[in-house]
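**Q** Quick one: structure below, then a few questions.
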Amino acid sequence: MTGFQMTFAMASDVRYLPIVRGAVGALTAAIGWDEAECRAIVLALDEAVANIIRHAYGGRSDGLIELQCRETADGLAISMLDTGDPPELSKICAREVGCHQPGGLGTHIIRDVMDSVSYERAESGNRFLATKRLRK
Amino acid sequence: MKISVRDVGPAKIVDVDGDVDLGTSGALRQTLFAALPETSILALNLGSIRYIDSSGIATLIEVLNDSRRLNKQFVLFGVSTAVEEVFRLTHVIRIFRIVQSEHEALGGA
């Protein structure tokens with residue numbers, strides 16, 4: 001039997017965020033994570049989409065974001081492609097724990113929740129890749 | 001997301017209903033920053049928030065920092081399990097004053 005697979009092509013519009021959260025929440029539950037883990041994965045993915053909207057497209061709502069979620073043998077693989085400004089990898093940094101500054105929270109969440117996170121510059125745009133293992 | 005502000009004695013209570021994300025946190029920020037200078041206690045009711053992301057948490061940190069600068073109290077109450085998980089993930093749970101009820105937020109035991 002083939003695993004779950006879901007693909008979205010959407011505008012870089014914040015109004016899509018709750019739609020993505022709803023779909024990814026249902027997908028992660030179907031794959032087998034518990035409620036708290038589903039919420040954490042949904043949050044991490046939401047943060048990654050929000051980062052693309054804010055940083056790659058500078059808040060513009062007419063950019064393209066392609067999101068693919070694929071069930072793998074040991075969990076979930078996420079791939080996102082955008083055609084906005086490439087991320088400055090040296091500036092992608094999580095915040096320090098316990099600090100009172102508001103920046104860097106999203107990156108911290110993504111890295112904390114997901115098992116692997118990487119960024120690639122592809123011919124077709126910027127690619128964000130992340131995986132999460134299902135612990136049985 | 002719906003936001004409303006109530007005056008209760010010396011405090012202002014901000015009630016929020018819905019999801020706080022990149023698309024809505026700006027409205028919450030605007031409301032909290034408008035209310036803060038006009039009260040000695042600003043209490044945020046999180047009981048009807050179903051979801052909060054890092055932009056929402058960042059907003060709360062900004063308001064907390066400003067409340068300290070202005071010598072005001074900024075209190076959170078009604079924190080659900082889902083919201084508390086985000087506070088813990090971002091390691092900010094200890095920096096806020098979080099209580100169970102509106103009564104406690106207003107200074108009651």
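Labels for the structure tokens follow display order: chains A, B, ..., residues from 1 in each chain, ligands from 1.
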Using DSSP on the backbone coordinates, identify the residues of chain A assigned to strand (DSSP E or B); present them as a VMD selection string.
**A** chain A and resid 5 to 11 64 to 72 75 to 82 116 to 122 125 to 133
**Q** Could you save the residues just selected, with C-alpha atoms, as a JSON list (two decimals), in the first residue's frame?
**A**
[["chain", "number", "residue", "atom", "x", "y", "z"],
["A", 5, "GLN", "CA", 1.23, 11.99, -0.05],
["A", 6, "MET", "CA", -0.12, 15.53, -0.32],
["A", 7, "THR", "CA", 0.89, 18.40, -2.58],
["A", 8, "PHE", "CA", -0.21, 22.04, -2.45],
["A", 9, "ALA", "CA", 0.61, 24.88, -4.81],
["A", 10, "MET", "CA", -0.51, 28.08, -3.13],
["A", 11, "ALA", "CA", 0.01, 31.81, -3.09],
["A", 64, "LEU", "CA", 4.25, 30.80, -5.28],
["A", 65, "ILE", "CA", 4.80, 28.17, -2.61],
["A", 66, "GLU", "CA", 4.77, 24.48, -3.48],
["A", 67, "LEU", "CA", 4.43, 22.20, -0.49],
["A", 68, "GLN", "CA", 4.79, 18.46, -0.58],
["A", 69, "CYS", "CA", 4.27, 16.16, 2.41],
["A", 70, "ARG", "CA", 5.10, 12.50, 1.90],
["A", 71, "GLU", "CA", 4.82, 9.57, 4.26],
["A", 72, "THR", "CA", 8.09, 7.66, 4.32],
["A", 75, "GLY", "CA", 7.76, 9.04, 9.19],
["A", 76, "LEU", "CA", 7.21, 12.19, 7.18],
["A", 77, "ALA", "CA", 9.25, 14.11, 4.61],
["A", 78, "ILE", "CA", 8.37, 17.72, 3.85],
["A", 79, "SER", "CA", 9.58, 19.68, 0.85],
["A", 80, "MET", "CA", 8.73, 23.30, 0.06],
["A", 81, "LEU", "CA", 9.76, 25.30, -2.96],
["A", 82, "ASP", "CA", 9.55, 29.06, -3.45],
["A", 116, "SER", "CA", 16.31, 17.14, 10.09],
["A", 117, "VAL", "CA", 16.07, 20.53, 8.42],
["A", 118, "SER", "CA", 17.97, 21.79, 5.39],
["A", 119, "TYR", "CA", 17.83, 24.50, 2.76],
["A", 120, "GLU", "CA", 18.90, 24.11, -0.87],
["A", 121, "ARG", "CA", 19.20, 26.51, -3.74],
["A", 122, "ALA", "CA", 17.64, 24.66, -6.69],
["A", 125, "GLY", "CA", 13.98, 28.21, -6.60],
["A", 126, "ASN", "CA", 14.65, 27.81, -2.90],
["A", 127, "ARG", "CA", 13.94, 24.44, -1.38],
["A", 128, "PHE", "CA", 13.23, 23.75, 2.28],
["A", 129, "LEU", "CA", 13.51, 20.11, 3.33],
["A", 130, "ALA", "CA", 12.59, 18.57, 6.66],
["A", 131, "THR", "CA", 11.89, 15.14, 8.05],
["A", 132, "LYS", "CA", 10.21, 13.78, 11.15],
["A", 133, "ARG", "CA", 10.50, 10.21, 12.35]]
**Q** What residues in chain B get the DSSP label helix (DSSP H, G or I)? Please answer as a ChimeraX atom specification.
**A** /B:25-38,54-69,81-89,93-95,102-105
**Q** For the selection just defined, write its residues with N, CA and C atoms to a file, as a tab-separated table (two decimals), in the first residue's frame.
**A**
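Output saved as selection.tsv:
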chain	number	residue	atom	x	y	z
B	25	SER	N	-1.58	38.20	14.12
B	25	SER	CA	-0.86	38.69	15.30
B	25	SER	C	-0.68	40.21	15.29
B	26	GLY	N	-0.69	40.81	14.11
B	26	GLY	CA	-0.56	42.27	14.03
B	26	GLY	C	-1.72	42.97	14.72
B	27	ALA	N	-2.93	42.44	14.54
B	27	ALA	CA	-4.11	43.04	15.17
B	27	ALA	C	-4.03	42.89	16.69
B	28	LEU	N	-3.54	41.74	17.15
B	28	LEU	CA	-3.39	41.53	18.59
B	28	LEU	C	-2.34	42.49	19.15
B	29	ARG	N	-1.24	42.65	18.43
B	29	ARG	CA	-0.17	43.55	18.85
B	29	ARG	C	-0.69	44.98	19.00
B	30	GLN	N	-1.45	45.41	17.98
B	30	GLN	CA	-2.00	46.77	17.97
B	30	GLN	C	-2.92	46.98	19.19
B	31	THR	N	-3.77	46.00	19.46
B	31	THR	CA	-4.71	46.12	20.58
B	31	THR	C	-3.96	46.17	21.92
B	32	LEU	N	-2.99	45.29	22.10
B	32	LEU	CA	-2.26	45.23	23.37
B	32	LEU	C	-1.44	46.50	23.60
B	33	PHE	N	-0.79	46.98	22.55
B	33	PHE	CA	0.02	48.20	22.71
B	33	PHE	C	-0.86	49.44	22.91
B	34	ALA	N	-2.08	49.42	22.39
B	34	ALA	CA	-3.00	50.55	22.62
B	34	ALA	C	-3.52	50.52	24.05
B	35	ALA	N	-3.76	49.34	24.59
B	35	ALA	CA	-4.35	49.21	25.93
B	35	ALA	C	-3.32	49.43	27.04
B	36	LEU	N	-2.08	49.02	26.79
B	36	LEU	CA	-1.06	49.01	27.85
B	36	LEU	C	-0.86	50.37	28.56
B	37	PRO	N	-0.71	51.47	27.84
B	37	PRO	CA	-0.45	52.74	28.55
B	37	PRO	C	-1.64	53.22	29.38
B	38	GLU	N	-2.83	52.66	29.12
B	38	GLU	CA	-4.05	53.18	29.76
B	38	GLU	C	-4.48	52.38	30.98
B	54	SER	N	4.85	31.59	16.42
B	54	SER	CA	5.95	32.39	16.96
B	54	SER	C	5.71	33.89	16.82
B	55	SER	N	4.92	34.29	15.81
B	55	SER	CA	4.65	35.73	15.69
B	55	SER	C	3.77	36.19	16.85
B	56	GLY	N	2.88	35.31	17.31
B	56	GLY	CA	2.06	35.63	18.48
B	56	GLY	C	2.90	35.68	19.74
B	57	ILE	N	3.79	34.70	19.91
B	57	ILE	CA	4.66	34.68	21.09
B	57	ILE	C	5.58	35.91	21.08
B	58	ALA	N	6.09	36.26	19.90
B	58	ALA	CA	6.96	37.43	19.79
B	58	ALA	C	6.21	38.70	20.19
B	59	THR	N	4.94	38.77	19.80
B	59	THR	CA	4.10	39.92	20.19
B	59	THR	C	4.00	40.00	21.72
B	60	LEU	N	3.77	38.86	22.36
B	60	LEU	CA	3.63	38.85	23.82
B	60	LEU	C	4.95	39.26	24.49
B	61	ILE	N	6.07	38.83	23.93
B	61	ILE	CA	7.37	39.23	24.49
B	61	ILE	C	7.56	40.74	24.36
B	62	GLU	N	7.19	41.28	23.21
B	62	GLU	CA	7.32	42.73	23.01
B	62	GLU	C	6.47	43.50	24.02
B	63	VAL	N	5.24	43.03	24.23
B	63	VAL	CA	4.35	43.71	25.18
B	63	VAL	C	4.90	43.57	26.60
B	64	LEU	N	5.42	42.39	26.93
B	64	LEU	CA	6.01	42.19	28.25
B	64	LEU	C	7.17	43.16	28.48
B	65	ASN	N	8.04	43.26	27.48
B	65	ASN	CA	9.20	44.16	27.61
B	65	ASN	C	8.73	45.60	27.80
B	66	ASP	N	7.69	45.99	27.06
B	66	ASP	CA	7.20	47.36	27.18
B	66	ASP	C	6.50	47.57	28.52
B	67	SER	N	5.81	46.55	29.01
B	67	SER	CA	5.13	46.68	30.31
B	67	SER	C	6.15	46.90	31.43
B	68	ARG	N	7.30	46.26	31.32
B	68	ARG	CA	8.35	46.45	32.33
B	68	ARG	C	8.90	47.87	32.25
B	69	ARG	N	9.07	48.35	31.03
B	69	ARG	CA	9.58	49.71	30.83
B	69	ARG	C	8.61	50.74	31.42
B	81	THR	N	-3.72	23.69	26.96
B	81	THR	CA	-2.59	22.77	26.78
B	81	THR	C	-1.85	23.08	25.48
B	82	ALA	N	-2.62	23.31	24.40
B	82	ALA	CA	-1.99	23.55	23.09
B	82	ALA	C	-1.13	24.81	23.12
B	83	VAL	N	-1.63	25.85	23.76
B	83	VAL	CA	-0.87	27.11	23.82
B	83	VAL	C	0.35	26.95	24.75
B	84	GLU	N	0.13	26.23	25.85
B	84	GLU	CA	1.24	26.02	26.79
B	84	GLU	C	2.39	25.25	26.12
B	85	GLU	N	2.04	24.32	25.24
B	85	GLU	CA	3.08	23.57	24.52
B	85	GLU	C	3.97	24.52	23.70
B	86	VAL	N	3.35	25.52	23.09
B	86	VAL	CA	4.13	26.48	22.29
B	86	VAL	C	5.01	27.34	23.20
B	87	PHE	N	4.49	27.72	24.35
B	87	PHE	CA	5.30	28.46	25.33
B	87	PHE	C	6.52	27.63	25.75
B	88	ARG	N	6.28	26.34	25.95
B	88	ARG	CA	7.39	25.48	26.39
B	88	ARG	C	8.39	25.27	25.27
B	89	LEU	N	7.88	25.06	24.05
B	89	LEU	CA	8.77	24.86	22.89
B	89	LEU	C	9.69	26.06	22.68
B	93	ILE	N	8.07	30.22	28.79
B	93	ILE	CA	7.01	30.08	29.79
B	93	ILE	C	7.39	30.75	31.12
B	94	ARG	N	8.66	30.76	31.44
B	94	ARG	CA	9.07	31.32	32.74
B	94	ARG	C	9.12	32.84	32.75
B	95	ILE	N	9.17	33.45	31.60
B	95	ILE	CA	9.31	34.92	31.61
B	95	ILE	C	7.99	35.64	31.81
B	102	GLU	N	-9.17	34.75	35.59
B	102	GLU	CA	-9.26	36.21	35.54
B	102	GLU	C	-9.18	36.80	36.94
B	103	HIS	N	-9.81	36.12	37.89
B	103	HIS	CA	-9.80	36.58	39.28
B	103	HIS	C	-8.36	36.69	39.80
B	104	GLU	N	-7.58	35.66	39.52
B	104	GLU	CA	-6.16	35.68	39.94
B	104	GLU	C	-5.39	36.76	39.20
B	105	ALA	N	-5.70	36.93	37.93
B	105	ALA	CA	-4.99	37.94	37.12
B	105	ALA	C	-5.21	39.34	37.70
**Q** Can you list every residue of chain A that has an atom at most 12 Å from chain B, with its nearest atom pair and the distance in Å to one decimal, using only C-alpha atoms, ordered by chain then number, as CSV?
**A**
residue,atom,partner,partner_atom,distance
A:Ser12,CA,B:Gly23,CA,11.4
A:Asp13,CA,B:Gly23,CA,8.6
A:Val14,CA,B:Gly23,CA,5.1
A:Arg15,CA,B:Gly23,CA,6.8
A:Tyr16,CA,B:Gly23,CA,9.4
A:Leu17,CA,B:Asp21,CA,7.9
A:Pro18,CA,B:Asp19,CA,8.2
A:Ile19,CA,B:Asp19,CA,11.8
A:Arg21,CA,B:Tyr51,CA,9.9
A:Gly22,CA,B:Tyr51,CA,11.3
A:Glu35,CA,B:Ala82,CA,9.5
A:Ala36,CA,B:Ala82,CA,7.6
A:Glu37,CA,B:Glu85,CA,10.2
A:Cys38,CA,B:Ala82,CA,10.7
A:Arg39,CA,B:Ala82,CA,7.4
A:Ala40,CA,B:Val86,CA,8.0
A:Ile41,CA,B:Val86,CA,11.4
A:Val42,CA,B:Asp53,CA,10.1
A:Leu43,CA,B:Asp53,CA,6.7
A:Ala44,CA,B:Asp53,CA,9.0
A:Leu45,CA,B:Asp53,CA,10.6
A:Asp46,CA,B:Asp53,CA,7.9
A:Glu47,CA,B:Asp53,CA,7.2
A:Ala48,CA,B:Ser54,CA,10.8
A:Val49,CA,B:Leu22,CA,9.9
A:Ala50,CA,B:Leu22,CA,6.6
A:Asn51,CA,B:Leu22,CA,9.5
A:Ile52,CA,B:Leu22,CA,11.4
A:Ile53,CA,B:Leu22,CA,9.2
A:Arg54,CA,B:Leu22,CA,8.8
A:Gly59,CA,B:Leu22,CA,10.0
A:Ser61,CA,B:Gly23,CA,11.2
A:Ala94,CA,B:Thr90,CA,10.0
A:Arg95,CA,B:Thr90,CA,8.9
A:Glu96,CA,B:His91,CA,9.2
A:Val97,CA,B:His91,CA,6.0
A:Gly98,CA,B:His91,CA,5.9
A:Cys99,CA,B:Val92,CA,7.9
A:His100,CA,B:Ile61,CA,6.6
A:Gln101,CA,B:Ile61,CA,7.1
A:Pro102,CA,B:Ala58,CA,4.4
A:Gly103,CA,B:Ala58,CA,6.8
A:Gly104,CA,B:Ser54,CA,8.5
A:Leu105,CA,B:Ser54,CA,5.6
A:Gly106,CA,B:Ser54,CA,5.4
A:Thr107,CA,B:Ser54,CA,9.1
A:His108,CA,B:Thr90,CA,7.1
A:Ile109,CA,B:Leu89,CA,6.5
A:Ile110,CA,B:Leu89,CA,9.9
A:Arg111,CA,B:Leu89,CA,10.5
A:Asp112,CA,B:Leu89,CA,7.6
A:Val113,CA,B:Leu89,CA,8.4
**Q** Which of these residues is nearest to Phe77 of chain B, using only C-alpha atoms: B:Ile49, B:Ala11, B:Leu44, B:Val16?
**A**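 That would be B:Leu44, the residue with the smallest distance to Phe77 of chain B.
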**Q** Mind checking which residues fall within 8 Å of Gly32 of chain A, counting only C-alpha atoms, ignoring those fewer than 3 positions away in the same chain, and posting them as an MDAnalysis selection string?
**A** chainID A and resid 28:29 134
**Q** Neighbouring residues of Asp15 of chain B were defined as those with any atom within 6 Å, considering only C-alpha atoms; residues of the same chain fewer than 6 positions away were excluded. Please report them as a list in words.
**A**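 Result of the neighbour search: Ile3, Ser4 and Asn45 of chain B.
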